[in-house]
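Student: File model-v9.cif follows (mmCIF, C-alpha atoms and all ligand atoms):
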data_protein
loop_
_atom_site.group_PDB
_atom_site.id
_atom_site.type_symbol
_atom_site.label_atom_id
_atom_site.label_comp_id
_atom_site.auth_asym_id
_atom_site.auth_seq_id
_atom_site.Cartn_x
_atom_site.Cartn_y
_atom_site.Cartn_z
ATOM 1 C CA MET A 1 -108.992 117.816 42.594
ATOM 2 C CA ILE A 2 -109.512 121.399 41.448
ATOM 3 C CA VAL A 3 -109.358 123.797 44.393
ATOM 4 C CA SER A 4 -111.098 127.205 44.665
ATOM 5 C CA PRO A 5 -108.871 130.291 45.137
ATOM 6 C CA ASN A 6 -110.210 131.017 48.633
ATOM 7 C CA LEU A 7 -109.659 127.440 49.849
ATOM 8 C CA ALA A 8 -106.147 127.482 48.322
ATOM 9 C CA LEU A 9 -105.384 130.750 50.137
ATOM 10 C CA SER A 10 -106.628 129.330 53.459
ATOM 11 C CA TRP A 11 -104.374 126.263 52.994
ATOM 12 C CA LEU A 12 -101.375 128.540 52.371
ATOM 13 C CA LYS A 13 -102.149 130.592 55.517
ATOM 14 C CA GLU A 14 -102.648 127.435 57.599
ATOM 15 C CA GLY A 15 -99.404 125.940 56.266
ATOM 16 C CA ASN A 16 -97.471 129.144 56.974
ATOM 17 C CA GLU A 17 -98.796 129.173 60.570
ATOM 18 C CA ALA A 18 -97.599 125.571 61.017
ATOM 19 C CA TYR A 19 -94.200 126.504 59.507
ATOM 20 C CA ILE A 20 -93.704 129.423 61.923
ATOM 21 C CA ASN A 21 -94.598 127.240 64.907
ATOM 22 C CA SER A 22 -92.562 124.161 63.962
ATOM 23 C CA GLU A 23 -89.051 123.499 65.182
ATOM 24 C CA LYS A 24 -88.441 120.643 62.816
ATOM 25 C CA ASN A 25 -89.327 120.602 59.172
ATOM 26 C CA HIS A 26 -92.650 118.772 58.799
ATOM 27 C CA LEU A 27 -93.227 118.927 55.098
ATOM 28 C CA GLY A 28 -96.541 118.452 53.364
ATOM 29 C CA ASP A 29 -97.487 115.101 51.895
ATOM 30 C CA ILE A 30 -94.356 113.629 50.302
ATOM 31 C CA SER A 31 -95.465 110.025 50.807
ATOM 32 C CA LEU A 32 -95.012 107.165 48.364
ATOM 33 C CA GLU A 33 -98.808 107.080 47.900
ATOM 34 C CA LYS A 34 -98.954 110.748 46.895
ATOM 35 C CA ARG A 35 -95.962 110.347 44.602
ATOM 36 C CA LEU A 36 -97.523 107.349 42.842
ATOM 37 C CA HIS A 37 -100.967 108.990 42.689
ATOM 38 C CA THR A 38 -99.633 112.167 41.044
ATOM 39 C CA HIS A 39 -97.385 110.096 38.778
ATOM 40 C CA LYS A 40 -100.413 108.186 37.523
ATOM 41 C CA HIS A 41 -103.095 110.877 37.529
ATOM 42 C CA GLY A 42 -101.040 114.038 36.922
ATOM 43 C CA GLN A 43 -100.915 117.248 38.890
ATOM 44 C CA ASN A 44 -103.531 119.759 40.049
ATOM 45 C CA PRO A 45 -101.447 122.200 42.100
ATOM 46 C CA TYR A 46 -103.667 124.455 44.220
ATOM 47 C CA ALA A 47 -101.446 127.537 43.896
ATOM 48 C CA VAL A 48 -98.895 129.104 41.562
ATOM 49 C CA ILE A 49 -96.144 130.761 43.579
ATOM 50 C CA VAL A 50 -94.036 133.392 41.792
ATOM 51 C CA THR A 51 -91.113 134.241 44.039
ATOM 52 C CA CYS A 52 -87.401 135.047 44.321
ATOM 53 C CA SER A 53 -84.594 132.482 43.891
ATOM 54 C CA ASP A 54 -83.210 133.487 47.318
ATOM 55 C CA SER A 55 -82.236 130.341 49.266
ATOM 56 C CA ARG A 56 -83.953 131.655 52.411
ATOM 57 C CA VAL A 57 -87.288 131.675 50.603
ATOM 58 C CA ILE A 58 -88.449 128.051 50.355
ATOM 59 C CA PRO A 59 -92.081 127.908 49.179
ATOM 60 C CA GLU A 60 -92.798 124.222 49.895
ATOM 61 C CA SER A 61 -91.542 124.590 53.469
ATOM 62 C CA ILE A 62 -93.044 128.052 54.080
ATOM 63 C CA PHE A 63 -96.487 126.664 53.199
ATOM 64 C CA MET A 64 -95.857 123.102 54.441
ATOM 65 C CA ALA A 65 -96.734 121.822 50.976
ATOM 66 C CA GLY A 66 -95.975 118.451 49.433
ATOM 67 C CA ILE A 67 -95.900 116.682 46.089
ATOM 68 C CA GLY A 68 -98.307 118.162 43.541
ATOM 69 C CA ASP A 69 -99.325 121.135 45.722
ATOM 70 C CA LEU A 70 -97.452 124.172 44.412
ATOM 71 C CA PHE A 71 -96.425 125.244 40.909
ATOM 72 C CA VAL A 72 -93.372 127.408 41.595
ATOM 73 C CA ILE A 73 -91.735 129.983 39.329
ATOM 74 C CA ARG A 74 -88.556 131.483 40.720
ATOM 75 C CA LEU A 75 -86.219 134.150 39.383
ATOM 76 C CA ALA A 76 -84.112 136.615 41.371
ATOM 77 C CA GLY A 77 -86.297 139.559 42.404
ATOM 78 C CA ASN A 78 -89.477 137.644 41.453
ATOM 79 C CA VAL A 79 -89.577 139.236 38.025
ATOM 80 C CA VAL A 80 -91.342 137.442 35.185
ATOM 81 C CA ALA A 81 -90.150 137.371 31.594
ATOM 82 C CA ASP A 82 -91.777 135.514 28.681
ATOM 83 C CA PHE A 83 -90.758 132.038 29.873
ATOM 84 C CA GLY A 84 -92.176 132.758 33.325
ATOM 85 C CA MET A 85 -95.411 134.058 31.809
ATOM 86 C CA GLY A 86 -95.663 130.900 29.733
ATOM 87 C CA SER A 87 -95.204 128.751 32.844
ATOM 88 C CA ILE A 88 -97.936 130.667 34.692
ATOM 89 C CA GLU A 89 -100.328 130.390 31.740
ATOM 90 C CA TYR A 90 -99.669 126.647 31.574
ATOM 91 C CA ALA A 91 -100.553 126.158 35.266
ATOM 92 C CA ILE A 92 -103.721 128.226 34.928
ATOM 93 C CA ASP A 93 -104.926 127.042 31.546
ATOM 94 C CA HIS A 94 -103.888 123.359 31.583
ATOM 95 C CA LEU A 95 -103.653 122.428 35.261
ATOM 96 C CA ASN A 96 -106.741 124.401 36.381
ATOM 97 C CA CYS A 97 -104.957 126.226 39.169
ATOM 98 C CA LYS A 98 -107.138 129.054 40.574
ATOM 99 C CA LEU A 99 -104.690 131.046 42.686
ATOM 100 C CA ILE A 100 -101.504 132.952 41.781
ATOM 101 C CA VAL A 101 -99.391 134.344 44.631
ATOM 102 C CA VAL A 102 -96.577 136.774 43.795
ATOM 103 C CA MET A 103 -94.363 136.734 46.866
ATOM 104 C CA GLY A 104 -91.511 139.181 47.436
ATOM 105 C CA HIS A 105 -89.356 139.038 50.548
ATOM 106 C CA THR A 106 -87.529 141.335 52.943
ATOM 107 C CA MET A 107 -83.736 141.741 52.614
ATOM 108 C CA CYS A 108 -83.894 140.902 48.908
ATOM 109 C CA GLY A 109 -80.489 141.199 47.249
ATOM 110 C CA ALA A 110 -81.960 141.924 43.812
ATOM 111 C CA ILE A 111 -84.000 144.809 45.243
ATOM 112 C CA HIS A 112 -80.892 146.048 47.070
ATOM 113 C CA SER A 113 -78.887 146.018 43.820
ATOM 114 C CA ALA A 114 -81.674 147.915 42.049
ATOM 115 C CA ILE A 115 -81.669 150.603 44.778
ATOM 116 C CA GLU A 116 -77.866 150.852 44.802
ATOM 117 C CA ASP A 117 -77.652 150.560 41.002
ATOM 118 C CA SER A 118 -74.870 147.993 41.293
ATOM 119 C CA HIS A 119 -74.950 145.151 38.810
ATOM 120 C CA SER A 120 -73.097 143.393 36.043
ATOM 121 C CA ASN A 121 -73.668 141.165 33.036
ATOM 122 C CA TYR A 122 -76.836 139.051 33.016
ATOM 123 C CA ILE A 123 -78.272 140.386 36.245
ATOM 124 C CA SER A 124 -78.571 143.864 34.693
ATOM 125 C CA SER A 125 -81.757 142.849 32.838
ATOM 126 C CA ILE A 126 -83.356 141.882 36.168
ATOM 127 C CA ILE A 127 -82.147 145.064 37.880
ATOM 128 C CA LYS A 128 -83.473 147.271 35.055
ATOM 129 C CA GLU A 129 -86.882 145.610 35.344
ATOM 130 C CA ILE A 130 -86.959 146.262 39.109
ATOM 131 C CA GLN A 131 -85.677 149.850 38.732
ATOM 132 C CA PHE A 132 -88.395 150.574 36.194
ATOM 133 C CA ALA A 133 -90.959 149.359 38.753
ATOM 134 C CA ILE A 134 -89.651 151.018 41.928
ATOM 135 C CA LYS A 135 -88.940 154.443 40.379
ATOM 136 C CA GLY A 136 -86.308 155.606 42.881
ATOM 137 C CA GLU A 137 -87.869 154.150 46.051
ATOM 138 C CA LYS A 138 -84.992 153.741 48.543
ATOM 139 C CA ASP A 139 -86.582 151.632 51.290
ATOM 140 C CA ASN A 140 -85.911 147.946 50.600
ATOM 141 C CA THR A 141 -89.244 146.577 51.889
ATOM 142 C CA ASN A 142 -91.330 149.317 50.229
ATOM 143 C CA ALA A 143 -89.459 148.744 46.976
ATOM 144 C CA ALA A 144 -90.023 144.981 47.278
ATOM 145 C CA LYS A 145 -93.767 145.586 47.647
ATOM 146 C CA ILE A 146 -93.891 147.930 44.634
ATOM 147 C CA ASN A 147 -91.965 145.306 42.666
ATOM 148 C CA VAL A 148 -94.508 142.613 43.638
ATOM 149 C CA LEU A 149 -97.357 144.837 42.430
ATOM 150 C CA ASN A 150 -95.501 145.443 39.163
ATOM 151 C CA THR A 151 -95.120 141.695 38.605
ATOM 152 C CA ILE A 152 -98.856 141.249 39.291
ATOM 153 C CA ASN A 153 -99.674 143.880 36.654
ATOM 154 C CA LYS A 154 -97.412 142.133 34.190
ATOM 155 C CA ILE A 155 -99.125 138.778 34.815
ATOM 156 C CA LYS A 156 -102.507 140.473 34.402
ATOM 157 C CA SER A 157 -101.488 141.654 30.932
ATOM 158 C CA SER A 158 -101.696 138.055 29.642
ATOM 159 C CA GLU A 159 -104.829 137.486 27.538
ATOM 160 C CA ILE A 160 -105.320 134.024 29.050
ATOM 161 C CA ILE A 161 -105.025 135.370 32.610
ATOM 162 C CA LYS A 162 -107.367 138.286 31.798
ATOM 163 C CA GLU A 163 -110.051 135.861 30.655
ATOM 164 C CA LYS A 164 -109.620 133.578 33.688
ATOM 165 C CA LEU A 165 -109.794 136.560 36.078
ATOM 166 C CA LYS A 166 -113.313 137.236 34.796
ATOM 167 C CA ASP A 167 -114.142 133.732 36.024
ATOM 168 C CA ASP A 168 -112.738 132.418 39.333
ATOM 169 C CA LEU A 169 -108.964 133.011 39.121
ATOM 170 C CA LYS A 170 -107.425 135.126 41.883
ATOM 171 C CA ILE A 171 -104.021 136.901 42.026
ATOM 172 C CA VAL A 172 -102.643 137.879 45.424
ATOM 173 C CA GLY A 173 -99.472 139.781 46.378
ATOM 174 C CA ALA A 174 -97.491 138.757 49.448
ATOM 175 C CA MET A 175 -94.330 139.534 51.418
ATOM 176 C CA TYR A 176 -92.222 136.866 53.123
ATOM 177 C CA HIS A 177 -90.503 138.205 56.235
ATOM 178 C CA THR A 178 -87.106 136.505 56.381
ATOM 179 C CA HIS A 179 -86.685 137.094 60.159
ATOM 180 C CA SER A 180 -90.065 135.721 61.354
ATOM 181 C CA GLY A 181 -91.073 133.296 58.602
ATOM 182 C CA HIS A 182 -94.415 135.076 58.363
ATOM 183 C CA VAL A 183 -96.109 135.563 54.983
ATOM 184 C CA GLU A 184 -98.036 138.813 54.860
ATOM 185 C CA PHE A 185 -100.758 138.569 52.211
ATOM 186 C CA TYR A 186 -101.784 141.888 50.678
ATOM 187 C CA LYS A 187 -105.484 142.721 50.504
HETATM 188 ZN ZN ZN A 201 -84.679 138.123 46.633
#
Mind turning this structure into structure tokens?

Tutor:
Amino acid sequence: MIVSPNLALSWLKEGNEAYINSEKNHLGDISLEKRLHTHKHGQNPYAVIVTCSDSRVIPESIFMAGIGDLFVIRLAGNVVADFGMGSIEYAIDHLNCKLIVVMGHTMCGAIHSAIEDSHSNYISSIIKEIQFAIKGEKDNTNAAKINVLNTINKIKSSEIIKEKLKDDLKIVGAMYHTHSGHVEFYK
């Protein structure tokens, strides 16, 4: 089933509300039926989630999503390089997903390292990308938001995404608050 961007967004908000109010982890549909159905008929995830690798940020739980619901791309600091862009294009162009959410989070270690300019080896390429985006911003949450907007702009530079945005694709920025579990969607 192909889902419209507005319906997908309402499912994410509903799922996040259920997540905040649940004491135990009630996941989305992870039943045998759903597993066999998606195995046989393939996947039509209703949202692409681009987020950080941070272990406190767990998209399927945060949105109470199950098998076949979310197409998730995760790198520290929710940056996207060519492989990430390719994954996003695949979900949009081949799986007919209509909603992309770029979700930063509070207390992000990658953002912290970019502000403090402390890094080594492989992580330096991530930190440089974030530093280029945040341009000296020192507040962690503000910097995380600027970094989300930068990732959105990068995704929008894809020719495939540009074309789909003229149709019914939607890209939304968001911030996951690690203390409350709340996802704040940007307008
Ligand atoms: Zn992070």

Student: Stretch 152-168 of chain A, all listed atoms, 5 Å padding on each side: what axis-aligned box centre and edge lengths in Å to one decimal come out, as lines of an AutoDock Vina configuration file?

Tutor:
center_x = -105.8
center_y = 138.1
center_z = 33.4
size_x = 26.7
size_y = 21.5
size_z = 21.8

Student: Could you tell me, as JSON, numbers by chain, exactly which residues end up selected when the PyMOL selection byres (((not hetatm)) within 12 of (chain A and resi 201)) is applied to this structure?

Tutor: {"A": [50, 51, 52, 53, 54, 55, 56, 57, 58, 74, 75, 76, 77, 78, 79, 103, 104, 105, 106, 107, 108, 109, 110, 111, 112, 113, 114, 126, 127, 130, 140, 141, 143, 144, 145, 147, 148, 175, 176, 177, 178]}

Student: Could you dump the residues just selected with C-alpha atoms as a PDB file, in the coordinates of the input?

Tutor:
ATOM      1  CA  VAL A  50     -94.036 133.392  41.792  1.00  0.00           C
ATOM      2  CA  THR A  51     -91.113 134.241  44.039  1.00  0.00           C
ATOM      3  CA  CYS A  52     -87.401 135.047  44.321  1.00  0.00           C
ATOM      4  CA  SER A  53     -84.594 132.482  43.891  1.00  0.00           C
ATOM      5  CA  ASP A  54     -83.210 133.487  47.318  1.00  0.00           C
ATOM      6  CA  SER A  55     -82.236 130.341  49.266  1.00  0.00           C
ATOM      7  CA  ARG A  56     -83.953 131.655  52.411  1.00  0.00           C
ATOM      8  CA  VAL A  57     -87.288 131.675  50.603  1.00  0.00           C
ATOM      9  CA  ILE A  58     -88.449 128.051  50.355  1.00  0.00           C
ATOM     10  CA  ARG A  74     -88.556 131.483  40.720  1.00  0.00           C
ATOM     11  CA  LEU A  75     -86.219 134.150  39.383  1.00  0.00           C
ATOM     12  CA  ALA A  76     -84.112 136.615  41.371  1.00  0.00           C
ATOM     13  CA  GLY A  77     -86.297 139.559  42.404  1.00  0.00           C
ATOM     14  CA  ASN A  78     -89.477 137.644  41.453  1.00  0.00           C
ATOM     15  CA  VAL A  79     -89.577 139.236  38.025  1.00  0.00           C
ATOM     16  CA  MET A 103     -94.363 136.734  46.866  1.00  0.00           C
ATOM     17  CA  GLY A 104     -91.511 139.181  47.436  1.00  0.00           C
ATOM     18  CA  HIS A 105     -89.356 139.038  50.548  1.00  0.00           C
ATOM     19  CA  THR A 106     -87.529 141.335  52.943  1.00  0.00           C
ATOM     20  CA  MET A 107     -83.736 141.741  52.614  1.00  0.00           C
ATOM     21  CA  CYS A 108     -83.894 140.902  48.908  1.00  0.00           C
ATOM     22  CA  GLY A 109     -80.489 141.199  47.249  1.00  0.00           C
ATOM     23  CA  ALA A 110     -81.960 141.924  43.812  1.00  0.00           C
ATOM     24  CA  ILE A 111     -84.000 144.809  45.243  1.00  0.00           C
ATOM     25  CA  HIS A 112     -80.892 146.048  47.070  1.00  0.00           C
ATOM     26  CA  SER A 113     -78.887 146.018  43.820  1.00  0.00           C
ATOM     27  CA  ALA A 114     -81.674 147.915  42.049  1.00  0.00           C
ATOM     28  CA  ILE A 126     -83.356 141.882  36.168  1.00  0.00           C
ATOM     29  CA  ILE A 127     -82.147 145.064  37.880  1.00  0.00           C
ATOM     30  CA  ILE A 130     -86.959 146.262  39.109  1.00  0.00           C
ATOM     31  CA  ASN A 140     -85.911 147.946  50.600  1.00  0.00           C
ATOM     32  CA  THR A 141     -89.244 146.577  51.889  1.00  0.00           C
ATOM     33  CA  ALA A 143     -89.459 148.744  46.976  1.00  0.00           C
ATOM     34  CA  ALA A 144     -90.023 144.981  47.278  1.00  0.00           C
ATOM     35  CA  LYS A 145     -93.767 145.586  47.647  1.00  0.00           C
ATOM     36  CA  ASN A 147     -91.965 145.306  42.666  1.00  0.00           C
ATOM     37  CA  VAL A 148     -94.508 142.613  43.638  1.00  0.00           C
ATOM     38  CA  MET A 175     -94.330 139.534  51.418  1.00  0.00           C
ATOM     39  CA  TYR A 176     -92.222 136.866  53.123  1.00  0.00           C
ATOM     40  CA  HIS A 177     -90.503 138.205  56.235  1.00  0.00           C
ATOM     41  CA  THR A 178     -87.106 136.505  56.381  1.00  0.00           C
TER      42      THR A 178
END

Student: Name every residue that the PyMOL selection byres (((chain A and resi 163-170) around 7) and not hetatm) selects in this structure, writing the answer as a PyMOL selection string with chains first and numbers rising.

Tutor: chain A and resi 5+98-100+159-162+171-172

Student: Kindly indicate which residue among A:Phe185, A:Met64, A:His39, A:Met85 lies nearest to A:Asn21, using only C-alpha atoms for the distances.

Tutor: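 For A:Asn21, the nearest of the candidates is A:Met64.
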
Student: For the atom pair atom CA of A:Lys187 and atom CA of A:Asp82, what is the interatomic distance in Å to one decimal place?

Tutor: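 Spanning atom CA of A:Lys187 to atom CA of A:Asp82 is a straight-line distance of 26.8 Å.
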
Student: Rounded to one decimal, what separation in Å do you get between atom CA of A:Gly15 and atom CA of A:Phe71?

Tutor: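 Going from atom CA of A:Gly15 over to atom CA of A:Phe71 covers 15.7 Å.
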
Student: Nearest to A:Ile146 among A:Tyr19, A:Phe83, A:Phe132, A:Tyr90, with distances taken over only C-alpha atoms: which residue is it?

Tutor: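 Smallest separation from A:Ile146 among the options: A:Phe132.
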
Student: Would you please work out which residue, of A:Asn44, A:Leu9, A:Ala174, A:Ala81, is nearest to A:Ser125 when using all atoms listed in the file?

Tutor: A:Ala81

Student: Could you give me, as a PDB file with C-alpha atoms, in the frame of the given file, the residues within 10 Å of A:Ala8, counting all atoms listed in the file and dropping anything in the same chain fewer than 5 positions from it?

Tutor:
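And here's part.pdb as it stands now:
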ATOM      1  CA  ILE A   2    -109.512 121.399  41.448  1.00  0.00           C
ATOM      2  CA  VAL A   3    -109.358 123.797  44.393  1.00  0.00           C
ATOM      3  CA  LYS A  13    -102.149 130.592  55.517  1.00  0.00           C
ATOM      4  CA  GLU A  14    -102.648 127.435  57.599  1.00  0.00           C
ATOM      5  CA  PRO A  45    -101.447 122.200  42.100  1.00  0.00           C
ATOM      6  CA  TYR A  46    -103.667 124.455  44.220  1.00  0.00           C
ATOM      7  CA  ALA A  47    -101.446 127.537  43.896  1.00  0.00           C
ATOM      8  CA  ASP A  69     -99.325 121.135  45.722  1.00  0.00           C
ATOM      9  CA  CYS A  97    -104.957 126.226  39.169  1.00  0.00           C
ATOM     10  CA  LYS A  98    -107.138 129.054  40.574  1.00  0.00           C
ATOM     11  CA  LEU A  99    -104.690 131.046  42.686  1.00  0.00           C
ATOM     12  CA  ILE A 100    -101.504 132.952  41.781  1.00  0.00           C
TER      13      ILE A 100
END

Student: Between A:Gly28, A:Gly181, A:Gly173, A:Gly136, which residue has the minimum interatomic distance to A:Ile67, considering all atoms listed in the file?

Tutor: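 Closest to A:Ile67, using all atoms listed in the file: A:Gly28.
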